[in-house]
Amino acid sequence: MRFEKWQALGNDYIVLERDALPFPLTPERAHAICDAHFGCHADGILLLSKPTDPEAHVAELRIFNPDGSEAELSGNGAREAIMYLRRSGWTDSDEFTILTAAGEITPRITGPDSARVAMAQARTSSDDFPSGPEDGRGVIDVGGVEREFQHVSVGNPQCAIEVDEGLEELDLPAIGPAIESSPLFPNRSNVSFWRVEPSPVGATQASTVRARIFERGVGETLSSGTGATGAAVAAHLRGAPSPITVVLDGGELLVEIGPELEIWLTGTAEPVFGGEFSPEMMRRLAALEQVPVPGSEQPGG
């Protein structure tokens, strides 16, 4: 069974085509494929299948996190899938639509390794923060410090926390899990920690946000497209003008925000390598029974 590994700003996914799979992609199999030592060491799996409505969509995309849970959407993962579809001949168009668990997304390929993607409209109120007000603001414990957060739904839930000082010193693996699994968020939440960077003298009307990401079902990541979007929307709601360049550990993404919180995300994605699972790996995957991996009952980020 062939696969490709792709990365977008260090956020790496295994790309699989459903028609090539000899068995269902269960949570345990996704977990085994992503394993750092016995698998391919990836931040997730992008599973592409032929669309039920070929007139409307080029493909359907499911996204699995390394813990076996499913994500509604991933900005980086979607961009990798988009570039894979174009390069693999699923379409010869530079603009097309794919279907995800979060709904339709429509990309426009802007270069050999880049795309601008029309994402789901951002919302500050959703079932992922059921006790929250319409503006999505709340307060949460961050390593013993009460901090204000901004809930943003961008196809998946985001908890965006502004940190003016000490952003780089935060121990995300230590503080992230409690925020991700807070009772405030019944479906868990992705978490971004962000600050607005000072604009250079004479700069054009735009903003720069520095962000670090703790992704639901993954942990701290070098980058996250939806995490960057959550941070950008939080900054925009506090006065930062669009477009917003989000500086992540893995690189930069451009987030454009419309008057009704419409979102366009621009960035790069490229293949790392392709390969074929060995007969031994295939036998091991086939032997895995369809039992839940801890945490797989909730969607990822």
# chains A, B, ... in the order shown; residues from 1 in each chain; ligands from 1

$ closest_atom_pairs --of "region 27-133 of chain A" --to "region 273-283 of chain A" --cutoff "10 Å" --atoms "only C-alpha atoms" --output "tab-separated table"
residue	atom	partner	partner_atom	distance
A:Ala32	CA	A:Met281	CA	9.5
A:Ile33	CA	A:Met281	CA	8.9
A:Phe38	CA	A:Met281	CA	8.8
A:Gly39	CA	A:Met281	CA	8.3
A:Cys40	CA	A:Phe277	CA	9.6

$ closest_residue --among "A:Arg137, A:Lys50, A:Arg216, A:Arg123" --to "Thr229 (chain A)" --atoms "only C-alpha atoms"
A:Arg123

$ residues_around --residues "region 232-238 of chain A" --least-positions-apart "2" --cutoff "8 Å" --atoms "only C-alpha atoms" --output "compact mmCIF listing (two decimals) with C-alpha atoms, in the first residue's frame"
# COMPACT_ATOMS: atom_id res chain seq x y z
CA ALA A 122 -15.23 32.06 11.85
CA GLN A 150 -11.25 33.95 23.00
CA VAL A 152 -13.28 30.83 17.93
CA ALA A 160 -6.94 31.65 21.76
CA ARG A 195 0.73 38.24 20.98
CA VAL A 196 0.62 41.10 18.48
CA VAL A 209 0.96 37.95 15.32
CA ALA A 228 -3.08 30.32 13.42
CA THR A 229 -6.53 31.36 12.23
CA GLY A 230 -7.92 31.26 15.77
CA ALA A 240 -5.44 44.15 14.72
CA PRO A 241 -6.12 44.96 11.05
CA SER A 242 -6.30 42.31 8.35
CA ILE A 244 -2.48 39.19 9.53
CA VAL A 246 1.01 34.67 11.84
CA VAL A 255 -4.72 35.06 7.36
CA ILE A 257 -10.33 38.25 7.59
CA LEU A 261 -15.22 36.95 9.79

$ select_by_dssp --residues "region 45-82 of chain A" --states "strand (DSSP E or B)" --output "ChimeraX atom specification"
/A:45-49,59-64,70-71

$ residues_around --residues "region 7-18 of chain A" --least-positions-apart "5" --cutoff "8 Å" --atoms "only C-alpha atoms" --output "ChimeraX atom specification"
/A:2,34,40,42-49,76-77,79-81,221-224,250-252,267-272

$ write_last_selection --atoms "C-alpha atoms" --output "PDB file, in the first residue's frame"
ATOM      1  CA  ARG A   2       1.535   3.271  -1.115  1.00  0.00           C
ATOM      2  CA  CYS A  34       1.554   7.797  13.001  1.00  0.00           C
ATOM      3  CA  CYS A  40       5.840   6.920  10.045  1.00  0.00           C
ATOM      4  CA  ALA A  42       3.443  12.010  11.604  1.00  0.00           C
ATOM      5  CA  ASP A  43       1.099  14.632  13.018  1.00  0.00           C
ATOM      6  CA  GLY A  44      -1.828  12.861  11.372  1.00  0.00           C
ATOM      7  CA  ILE A  45      -3.296  11.143   8.336  1.00  0.00           C
ATOM      8  CA  LEU A  46      -5.121  12.680   5.374  1.00  0.00           C
ATOM      9  CA  LEU A  47      -7.546  10.135   3.910  1.00  0.00           C
ATOM     10  CA  LEU A  48      -8.795  11.075   0.441  1.00  0.00           C
ATOM     11  CA  SER A  49     -11.730   9.428  -1.272  1.00  0.00           C
ATOM     12  CA  ASN A  76      -2.187  22.837   7.014  1.00  0.00           C
ATOM     13  CA  GLY A  77      -3.497  19.331   6.369  1.00  0.00           C
ATOM     14  CA  ARG A  79      -3.467  22.539   2.039  1.00  0.00           C
ATOM     15  CA  GLU A  80      -1.303  19.407   1.791  1.00  0.00           C
ATOM     16  CA  ALA A  81      -4.291  17.426   0.525  1.00  0.00           C
ATOM     17  CA  THR A 221       3.060  21.543  17.015  1.00  0.00           C
ATOM     18  CA  LEU A 222       5.404  23.551  14.846  1.00  0.00           C
ATOM     19  CA  SER A 223       2.383  25.030  13.094  1.00  0.00           C
ATOM     20  CA  SER A 224      -1.368  24.732  12.671  1.00  0.00           C
ATOM     21  CA  GLY A 250       7.547  26.283  11.628  1.00  0.00           C
ATOM     22  CA  GLY A 251       7.153  29.420   9.517  1.00  0.00           C
ATOM     23  CA  GLU A 252       4.544  31.997   8.494  1.00  0.00           C
ATOM     24  CA  GLY A 267       0.635  29.138   2.876  1.00  0.00           C
ATOM     25  CA  THR A 268       2.878  26.459   1.435  1.00  0.00           C
ATOM     26  CA  ALA A 269       2.857  22.661   1.410  1.00  0.00           C
ATOM     27  CA  GLU A 270       5.273  20.191  -0.111  1.00  0.00           C
ATOM     28  CA  PRO A 271       5.907  16.449  -0.322  1.00  0.00           C
ATOM     29  CA  VAL A 272       8.657  14.951   1.826  1.00  0.00           C
TER      30      VAL A 272
END

$ atom_distance --atom1 "CA of Ala59 (chain A)" --atom2 "CA of Ile98 (chain A)"
5.2 Å

$ closest_residue --among "A:Ile263, A:Val218, A:Cys159, A:Leu21" --to "Phe64 (chain A)" --atoms "only C-alpha atoms"
A:Val218

$ closest_residue --among "A:Ser74, A:Ser189, A:Thr110, A:Asn65" --to "Ser126 (chain A)" --atoms "only C-alpha atoms"
A:Ser189

$ residues_around --residues "His31 (chain A)" --least-positions-apart "4" --cutoff "7 Å" --atoms "only C-alpha atoms" --output "ChimeraX atom specification"
/A:27,35,66-68

$ atom_distance --atom1 "CA of Val191 (chain A)" --atom2 "CA of Thr226 (chain A)"
10.1 Å

$ residues_around --residues "Glu148 (chain A)" --least-positions-apart "6" --cutoff "8 Å" --atoms "only C-alpha atoms" --output "PyMOL selection string"
chain A and resi 137-140+161-162

$ closest_residue --among "A:Pro51, A:Gly258, A:Gly103, A:Pro157" --to "Asp128 (chain A)" --atoms "only C-alpha atoms"
A:Pro157

$ decode --residues "region 49-103 of chain A" --atoms "C-alpha atoms" --output "compact mmCIF listing (two decimals), in the first residue's frame"
# COMPACT_ATOMS: atom_id res chain seq x y z
CA SER A 49 -11.73 9.43 -1.27
CA LYS A 50 -13.72 9.88 -4.45
CA PRO A 51 -16.61 12.31 -3.92
CA THR A 52 -20.23 11.24 -3.68
CA ASP A 53 -21.03 14.33 -5.79
CA PRO A 54 -18.32 14.67 -8.48
CA GLU A 55 -20.03 17.74 -9.92
CA ALA A 56 -19.54 19.63 -6.66
CA HIS A 57 -16.32 18.22 -5.20
CA VAL A 58 -12.98 16.92 -6.45
CA ALA A 59 -12.54 14.74 -3.35
CA GLU A 60 -13.69 14.10 0.20
CA LEU A 61 -11.17 14.46 3.01
CA ARG A 62 -11.06 12.85 6.45
CA ILE A 63 -8.34 13.88 8.90
CA PHE A 64 -7.03 11.61 11.66
CA ASN A 65 -4.87 12.75 14.58
CA PRO A 66 -2.03 10.55 15.88
CA ASP A 67 -4.13 9.49 18.88
CA GLY A 68 -6.68 8.02 16.48
CA SER A 69 -9.29 10.74 16.91
CA GLU A 70 -10.72 12.56 13.90
CA ALA A 71 -10.41 16.28 13.24
CA GLU A 72 -13.11 18.29 11.52
CA LEU A 73 -10.50 20.40 9.73
CA SER A 74 -6.81 21.24 9.58
CA GLY A 75 -5.64 24.28 7.66
CA ASN A 76 -2.19 22.84 7.01
CA GLY A 77 -3.50 19.33 6.37
CA ALA A 78 -6.11 20.61 3.95
CA ARG A 79 -3.47 22.54 2.04
CA GLU A 80 -1.30 19.41 1.79
CA ALA A 81 -4.29 17.43 0.52
CA ILE A 82 -5.07 20.18 -1.99
CA MET A 83 -1.55 20.19 -3.41
CA TYR A 84 -1.51 16.37 -3.47
CA LEU A 85 -4.77 16.26 -5.42
CA ARG A 86 -3.41 18.69 -8.01
CA ARG A 87 -0.07 16.93 -8.38
CA SER A 88 -1.62 13.45 -8.46
CA GLY A 89 -4.01 14.30 -11.29
CA TRP A 90 -7.32 14.27 -9.41
CA THR A 91 -7.92 17.65 -11.05
CA ASP A 92 -6.18 19.92 -13.54
CA SER A 93 -7.88 23.05 -12.21
CA ASP A 94 -6.20 25.68 -10.05
CA GLU A 95 -9.50 26.33 -8.24
CA PHE A 96 -11.77 23.56 -6.96
CA THR A 97 -13.75 22.40 -3.94
CA ILE A 98 -13.25 19.51 -1.52
CA LEU A 99 -15.56 18.28 1.22
CA THR A 100 -14.40 17.92 4.83
CA ALA A 101 -16.19 17.11 8.09
CA ALA A 102 -16.34 20.88 8.64
CA GLY A 103 -18.00 21.45 5.27
